[in-house]
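**Q** A single structure is presented below for examination.
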Amino acid sequence: MSAQSKVTVRLTPVGRYYAFLVVGIFLAAMVRQVNLLLLLSGLIAAPLFLSWQMARRNIRRLSIRRRVPTRVCAGDLMVVDLELEVSSRRGKAWMVSVSDRIQRDGSSSDSGGESVRVFFPYVDGTGARALAYRGRIARRGCYTLGPIVLATRFPLGLFEARRQVDLHDQIIVCPRLGRLTENWNRRHHFTYEGGSRSERHADRVSGDFYGLRSWQIGDSPRLVHWRSSARHGELLVRQFDRPRQQHLTVLLNLCCRAGQHMNRDAVKNEQDVEKAISFVATVIHDLCRKGGRSLLLGVSAEDITWLGGPASPGFLQRAMDLLTRVEPSEGDRLVTLFAEARRRSPQHADFLLVTTSPLRFRPELSANSGDHAARGETSVKRPGQAGAVARDFRVEVIDVTSGNLENIFEYQTVAGS
Amino acid sequence: MLLPGTLKTFSNTKPSPGHDGLSVTNTQARHRTASRRLMRLLQVNMAALAALGTFLLAMGQQSRWLMGLALVSSLISLLLVDLTRIFSLPRWVTNILLIAALVVTGFDVLRYSGPLHVLIVANLLVYIQCVLQFQQKDARIYRYLLMLSIFQVVSACAFFHGVIFGLLLVVYLILALTALLLVTYFGEWDAQETNRQVDNRAPQESRSSPLFISVTSDPPDPRAPLGINGALLGRLARVVVSSALFSGVVFLVVPRLSTRPWPGIAPSPVRTVGFDAAITLEEVGDLLDDPTPVMRVEVATLDGEPLGYVGPLYLRGGSLQVYYEKHWSLNPFFIQNEIRPLQPLFRGPGQSLFLQRIVLERTQGPEVFAIWPVGKWDDSPLLYDVDRTRVLRVTEDNRRTTYEMTTSALEFGRLADLVPATEPVRQAPFLQLPWVIFQPDWWGGRFVFHRDLYHRRGWNRLEELAAQWAKEAPWPEDDHFHLAKHFEQILAFSGEFQYSTEAVSRDPDLDPVVDFLTKSRKGHCEYFATALALLLRCRGIPTRIVIGYKTEEFNTLGGFYQARQRDAHAWVEAYLSPDKLSPELMGSRPSELWQYGAWLRLDPTPPSSSRAGANQTFWQRFWTTYTFLDYIWLKYVMQLDKVTQQAEVYQPVRRRVQEGVETLVRPERWRQTLSSVGAAIRRSLGEFSQWRTIGGSLVVVGLVAIGIFWLSRDPLRRIWIMKKLPLRRSWPPLADHVVVQVHGELQRLLERTHSPRLPGETPRAFVERVAQLQLASGSCECDGWTASARRIVDLYYRFRFGNHTPTALEVEDMAAALQTVRSALRGRRTINRRNNHVHKIDNPETR
């Protein structure tokens, strides 16, 4: 709800001309002693004073409420509802314009803000009047709405009364989501899919039934197959196939390349960063929608941030919050990121690395040639270990700067993003 | 929270151009989307305002064509341009027409000079207004029209106006304020529409920042109330009334710097009855239907005390002596050619003088009309024409002027017919008959009886008629007074002669007066007066004809007589020499006053010609009121100067304030007032009977009891009283009762604003349910008061069911909590109880 604040009143341009006219007529009347002009000046002067008072009263007893979604995606339609109400039952207000401001957190008021004006012709005590404004925010980030300014030029347009209401709301604009293409789906159906399909058993054992073996210390008594044990005279337990990959580590390396002073490069880099973020967001959204696996998200931006958990709406929300706020760093911390990821990830985890730093500058990430995304595997040399190839995890590397992302991800840029 | 499903993948779909697809940008489309009702009101209002503004200007110029132009232009533009949109001027045509108007005005300015420049500039405003009216209008054009209209009214104030202007000015104020309000409304609405159209045209760009796309507001719902309702009209009315009052106060209070206010550019002077060397019969005729005001006359004592109605007033313009062939003129043999400054009238024992204040409109001639005999009173430069016995003003500036003179013609509150002559009278000029002609000869000349003329023109008939009437008269021939009266009665009341202002065909062989007397017997006042004058001369009674104004139109509201053009009149004055005056005629006045004889006023015109008889009562009242308003307008608006302001405004106000301050400051006045009030009370009590006293006391006691009950009904007031009284606040019966009351008040508040308490529902459950209802309705304002409500219920439980006596602090705590709840729920309307059944069903406690 809005808090009461001071009403300021100022003359409008029309009011200035009007006041000038009143003064002029009065002076002419006094100089030439024209009684009729004096009468006329009194008649037109009174509305000037009354306008001031009526404008103040018109706006004083108003209260405003705002309903805003807490989250939207960049480029999606955002609707903000405004409800204007008169606090007293018999109160009435005319010609009220409500100005709201949307400002991106961290930006200056000149470049990162937008004002919008909603006009309420009439409000009375029978109920609140609601109007909305809508638009699309092109760029992800945190935005603050407010303050709201109530203004009116009632009744004669000579004075404008304004009252600022310190009503602030936050809206989080999540990264824009794109569409994963058929290439991606085809490539990763068996890699990132399937984990959910096997999770249909009533018990908690994962994997398909494989066979029987002798009981070993540590086996769960619930796995004992009693019939076979009776037949064979020894305890036999059920044995299950190794489950498919259920853990995915998604790494996002955001960096600005050093020495980018030219605008074109800076814009390109910014676009790459946004593309990378959108791609990661889309992948996570897709996986969380399907569920059934655990995820670890690591983002190398100004800091390295980690987020882990099962693929779920909760994880999705936290991931979106994280991706909303990240900004690229100047230094490239890919190695650190990767090392930490290996430490945090379980064995047999799959890795998806999305980077805005060109891989041609990274000799330790040697690739045989060509298309990393298509090969599906790559080898990683541990630092200081020449020739050694680690084969205990799979990493898919996507270099956004190389332009190969378009094969697997459709992304529509929005003006301003 | 954004969940899957709302986080839509955005693939190959472009943002729609504007959120609702609107793409029309021209003015007509804007008008379509704006409220039609608002548009219509504005169009009609502006047309009326433009027409009225020009009408006010045309009133001052007395220009009918300008009035017609304003009306026609407004009507046609309203129909063709605004309502039906059939036609409108293209921009280039408008520009050409405006340039043409400027060029024409420039030529006129060079050609004319002086006050005419005001007219020329004012007319230019009218031309520009007419051109703009035929354009497609937006908020800017409406503002221009408003401004032009105001400037026209400003120009109109340079002219002289009557009270109609003042009344129309109030109407203009109403229209102007309404127009300004509607233009503002329309401007705001139009601006909103324009912004939406701009954003819809360029959805990919934002006005101020690349971060946003098409952030636009929803338009106001065209079906939503505009607020043009009684409340708005009430506010407008308040502004109008306040403006009128403020203007009145400013007008009266702002000091005038001059004794001669701007008189206003006046139309052509009023043509009054002319008094050149000769007047002609029929000259008055064309004035007799003209209601144009000529003057106002107030009659008062010399101390300024108004006398009120004194009967018909005869305001002399002048007199003439010789009649010949339809013309009255001065007797050339007795002209003195003497014009001297007006002298005061003799004021001696037995001679009563009265003040006559005459406000004379702008007239063509130099005459000042007044009740005769007339004497000097103030310093006005007035002259007296001895030959024509008329008062003249010196200045050539024929502006409206007020004159104050004395007269001795009033007696016993009425205008006397017989007034003493103020100077010696030579009778010969007043006895000359039309058929006695002066024939010059070498001795100088002599008057001869022109027999041929006498018979040819029918004068013999006149003389025969006079002799016949004299013979029939019951008074002797030498009783000039009664004889003259007899002749007057015959002409006025016998019924043989008819008053008529229509042209009457007369026998060309006869003199018109003879024809009037002997044949047609129909004519207007000049004929009657001429006939009487000549008839009396035939009997040897000196007479003269007097031309002036006779008015009976007395305005009871203003206490003045209004003389109009149609009151132009002719009558006769007969001279009675001192020997013809009997003591009865002289009355109570001393004989010295009659030393020069007396003049007897005779009005032979039948009274049925009087306008008063022809008016209906309603119209009389209407005209009386209108004339009074006009009088007030002239005196206190148009002619308010430094002197009048001092006398009529400052001094009375100062006097009243002084009296008020004295009343407040002096203790004697207070003592007097209180003792008189006490005496009045004692008197009234003494008059009261026993039963009345008992009844009165019961009424008083009852009122006091009701007051106490009303005060104590509100638990907060009771708590307040408890704090003030010396009773212990924790006195159990009182404190418990207050606790129950507070809880009861809480319950009433919640029931009134939310939902009634269900049967079997505990107080705590009730509060919780109401809080849930509040949350469910989406309101986030409940946190403040629900906590307080819960607190009240907790305390109530402790006191009511926990056998706990509330302490003073707890009672105050409850009071504060109740105040919080009350403040939060203030202004909340009672809910629709029809919806409550849903909650009853869903409430598990009631299953």
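Identifiers in this document derive from the order of the structure tokens: chains are assigned A, B, ..., residues are numbered from 1 separately in each chain, and ligands are numbered from 1 in order of occurrence.
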Could you please select, counting only C-alpha atoms, the residues of chain A within 7 Å of chain B and state them as a VMD selection string?

**A** chain A and resid 1 32 to 39 42 to 43 46 to 47 50 70 to 73 87 to 89 94 to 95 111 to 114 116 to 122 131 to 139 155 to 157 177 to 179 289 313 410 to 412 415 to 417

**Q** Please identify all polymer residues within 7 Å of range 455-469 of chain B, counting only C-alpha atoms, omitting same-chain residues fewer than 4 positions from it, and present them as a short mmCIF file (atom, residue, chain, number, x, y, z; two decimals) with C-alpha atoms, in the first residue's frame.

**A**
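Full text of selection-v9.cif as output:
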```
data_model
loop_
_atom_site.label_atom_id
_atom_site.label_comp_id
_atom_site.auth_asym_id
_atom_site.auth_seq_id
_atom_site.Cartn_x
_atom_site.Cartn_y
_atom_site.Cartn_z
CA ARG B 451 -59.01 87.42 -41.31
CA ALA B 473 -68.12 75.88 -17.69
CA ASP B 509 -57.31 73.01 -45.54
CA LEU B 510 -57.44 73.19 -41.84
CA ASP B 511 -54.67 73.68 -39.42
CA VAL B 514 -58.20 72.67 -35.76
CA LEU B 535 -58.08 77.40 -26.52
CA CYS B 538 -58.68 82.42 -26.92
CA ARG B 539 -60.10 83.04 -23.45
#
```

**Q** Expressed in Å to a single decimal, how great is the separation between CA of Leu248 in chain A and CA of Trp184 in chain A?

**A**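 Answer for the CA of Leu248 in chain A to CA of Trp184 in chain A separation: 15.3 Å.
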
**Q** Pick out the residues sitting within 12 Å of Ala765 in chain B, and hand them over as a PyMOL selection string; count only C-alpha atoms, and ignore anything fewer than 3 positions along from it in its own chain.

**A** chain B and resi 747+757-762+768-772+789-790+793-794+843-846

**Q** Taking all heavy atoms for each residue, export the selection above as a compact mmCIF listing (two decimals), in the first residue's frame.

**A**
```
# COMPACT_ATOMS: atom_id res chain seq x y z
N GLN B 747 -16.54 -6.43 17.23
CA GLN B 747 -17.38 -7.37 16.48
C GLN B 747 -18.29 -6.61 15.51
O GLN B 747 -18.46 -7.02 14.36
CB GLN B 747 -18.21 -8.17 17.48
CG GLN B 747 -18.96 -9.32 16.82
CD GLN B 747 -19.50 -10.26 17.85
OE1 GLN B 747 -18.76 -10.83 18.66
NE2 GLN B 747 -20.80 -10.44 17.84
N ARG B 757 -20.93 -12.53 12.02
CA ARG B 757 -20.44 -13.66 12.79
C ARG B 757 -21.44 -14.80 12.68
O ARG B 757 -22.65 -14.59 12.81
CB ARG B 757 -20.26 -13.22 14.24
CG ARG B 757 -19.61 -14.25 15.12
CD ARG B 757 -19.36 -13.67 16.48
NE ARG B 757 -19.23 -14.72 17.47
CZ ARG B 757 -19.23 -14.51 18.77
NH1 ARG B 757 -19.39 -13.28 19.22
NH2 ARG B 757 -19.10 -15.50 19.61
N LEU B 758 -20.90 -15.98 12.46
CA LEU B 758 -21.78 -17.13 12.24
C LEU B 758 -22.28 -17.67 13.58
O LEU B 758 -21.60 -17.50 14.60
CB LEU B 758 -21.01 -18.24 11.51
CG LEU B 758 -20.42 -17.80 10.16
CD1 LEU B 758 -19.50 -18.87 9.63
CD2 LEU B 758 -21.54 -17.50 9.18
N PRO B 759 -23.40 -18.30 13.57
CA PRO B 759 -23.91 -18.86 14.83
C PRO B 759 -22.94 -19.93 15.35
O PRO B 759 -22.47 -20.77 14.58
CB PRO B 759 -25.25 -19.49 14.43
CG PRO B 759 -25.62 -18.86 13.15
CD PRO B 759 -24.35 -18.48 12.47
N GLY B 760 -22.62 -19.85 16.61
CA GLY B 760 -21.73 -20.84 17.20
C GLY B 760 -20.26 -20.53 16.98
O GLY B 760 -19.39 -21.28 17.43
N GLU B 761 -19.99 -19.48 16.27
CA GLU B 761 -18.58 -19.16 16.00
C GLU B 761 -17.99 -18.41 17.17
O GLU B 761 -18.58 -17.45 17.66
CB GLU B 761 -18.49 -18.30 14.72
CG GLU B 761 -17.09 -18.17 14.17
CD GLU B 761 -17.08 -17.41 12.86
OE1 GLU B 761 -17.95 -16.55 12.65
OE2 GLU B 761 -16.18 -17.69 12.04
N THR B 762 -16.85 -18.87 17.60
CA THR B 762 -16.23 -18.21 18.75
C THR B 762 -15.65 -16.87 18.31
O THR B 762 -15.37 -16.66 17.12
CB THR B 762 -15.12 -19.09 19.31
OG1 THR B 762 -14.10 -19.24 18.31
CG2 THR B 762 -15.65 -20.45 19.71
N GLU B 768 -10.25 -14.77 13.08
CA GLU B 768 -9.37 -15.49 12.16
C GLU B 768 -10.01 -15.64 10.79
O GLU B 768 -9.37 -15.51 9.75
CB GLU B 768 -9.02 -16.88 12.75
CG GLU B 768 -8.18 -16.83 14.00
CD GLU B 768 -6.85 -16.10 13.80
OE1 GLU B 768 -6.30 -16.14 12.68
OE2 GLU B 768 -6.38 -15.48 14.76
N ARG B 769 -11.28 -15.92 10.83
CA ARG B 769 -11.97 -16.08 9.54
C ARG B 769 -11.99 -14.78 8.75
O ARG B 769 -11.76 -14.76 7.53
CB ARG B 769 -13.40 -16.57 9.78
CG ARG B 769 -14.17 -16.83 8.50
CD ARG B 769 -15.45 -17.59 8.77
NE ARG B 769 -16.39 -16.82 9.58
CZ ARG B 769 -17.19 -15.87 9.08
NH1 ARG B 769 -17.15 -15.57 7.81
NH2 ARG B 769 -18.01 -15.23 9.87
N VAL B 770 -12.22 -13.71 9.44
CA VAL B 770 -12.23 -12.42 8.75
C VAL B 770 -10.86 -12.11 8.19
O VAL B 770 -10.72 -11.58 7.08
CB VAL B 770 -12.72 -11.31 9.71
CG1 VAL B 770 -12.46 -9.95 9.13
CG2 VAL B 770 -14.20 -11.50 10.01
N ALA B 771 -9.82 -12.45 8.96
CA ALA B 771 -8.46 -12.21 8.46
C ALA B 771 -8.19 -13.03 7.21
O ALA B 771 -7.58 -12.56 6.25
CB ALA B 771 -7.44 -12.56 9.56
N GLN B 772 -8.69 -14.26 7.20
CA GLN B 772 -8.52 -15.10 6.01
C GLN B 772 -9.28 -14.52 4.83
O GLN B 772 -8.81 -14.53 3.68
CB GLN B 772 -9.04 -16.52 6.30
CG GLN B 772 -8.18 -17.32 7.24
CD GLN B 772 -6.77 -17.50 6.70
OE1 GLN B 772 -6.58 -17.77 5.53
NE2 GLN B 772 -5.79 -17.30 7.56
N ALA B 789 -6.80 -6.80 16.42
CA ALA B 789 -8.05 -7.52 16.69
C ALA B 789 -7.78 -8.77 17.53
O ALA B 789 -8.53 -9.08 18.47
CB ALA B 789 -8.72 -7.90 15.38
N ARG B 790 -6.73 -9.44 17.21
CA ARG B 790 -6.39 -10.64 18.00
C ARG B 790 -6.06 -10.26 19.44
O ARG B 790 -6.42 -10.97 20.39
CB ARG B 790 -5.20 -11.36 17.38
CG ARG B 790 -5.53 -12.06 16.08
CD ARG B 790 -4.35 -12.90 15.58
NE ARG B 790 -4.65 -13.44 14.26
CZ ARG B 790 -4.10 -13.03 13.12
NH1 ARG B 790 -3.17 -12.09 13.14
NH2 ARG B 790 -4.44 -13.56 11.97
N VAL B 793 -9.21 -9.75 21.33
CA VAL B 793 -9.88 -11.01 21.65
C VAL B 793 -9.15 -11.73 22.79
O VAL B 793 -9.80 -12.29 23.68
CB VAL B 793 -9.95 -11.88 20.38
CG1 VAL B 793 -10.39 -13.30 20.72
CG2 VAL B 793 -10.91 -11.28 19.37
N ASP B 794 -7.84 -11.69 22.75
CA ASP B 794 -7.07 -12.33 23.83
C ASP B 794 -7.43 -11.73 25.18
O ASP B 794 -7.68 -12.46 26.16
CB ASP B 794 -5.57 -12.16 23.58
CG ASP B 794 -5.09 -13.01 22.42
OD1 ASP B 794 -5.79 -13.98 22.08
OD2 ASP B 794 -4.02 -12.69 21.85
N ASN B 843 -17.26 -23.05 5.89
CA ASN B 843 -16.67 -22.99 7.21
C ASN B 843 -16.93 -24.30 7.92
O ASN B 843 -18.08 -24.67 8.17
CB ASN B 843 -17.30 -21.82 7.97
CG ASN B 843 -16.59 -21.55 9.26
OD1 ASN B 843 -15.80 -22.39 9.73
ND2 ASN B 843 -16.85 -20.42 9.83
N PRO B 844 -15.91 -25.04 8.26
CA PRO B 844 -16.13 -26.36 8.87
C PRO B 844 -16.82 -26.25 10.22
O PRO B 844 -17.45 -27.18 10.67
CB PRO B 844 -14.73 -26.96 8.99
CG PRO B 844 -13.81 -25.79 8.93
CD PRO B 844 -14.47 -24.74 8.13
N GLU B 845 -16.65 -25.14 10.86
CA GLU B 845 -17.24 -25.01 12.18
C GLU B 845 -18.76 -24.99 12.12
O GLU B 845 -19.43 -25.22 13.11
CB GLU B 845 -16.76 -23.73 12.85
CG GLU B 845 -15.27 -23.80 13.19
CD GLU B 845 -14.87 -22.58 14.00
OE1 GLU B 845 -15.74 -21.96 14.63
OE2 GLU B 845 -13.68 -22.27 14.02
N THR B 846 -19.26 -24.64 10.96
CA THR B 846 -20.72 -24.54 10.88
C THR B 846 -21.34 -25.78 10.27
O THR B 846 -22.55 -25.83 10.06
CB THR B 846 -21.13 -23.34 10.01
OG1 THR B 846 -20.58 -23.54 8.70
CG2 THR B 846 -20.57 -22.07 10.59
```

**Q** Would you compute the distance between CA of Asp100 in chain A and CA of Asp81 in chain A? Give it in Å to one decimal.

**A**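 Going from CA of Asp100 in chain A over to CA of Asp81 in chain A, I get 10.9 Å.
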
**Q** To one decimal place in Å, what is the distance between CA of Val171 in chain B and CA of Leu98 in chain B?

**A**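 CA of Val171 in chain B sits 29.3 Å away from CA of Leu98 in chain B.
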
**Q** Quick one: of A:Ala230, A:Leu235, A:Leu84, A:Cys142, who's nearest to Val123 in chain A, counting only C-alpha atoms?

**A**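 Smallest separation from Val123 in chain A among the options: A:Leu84.
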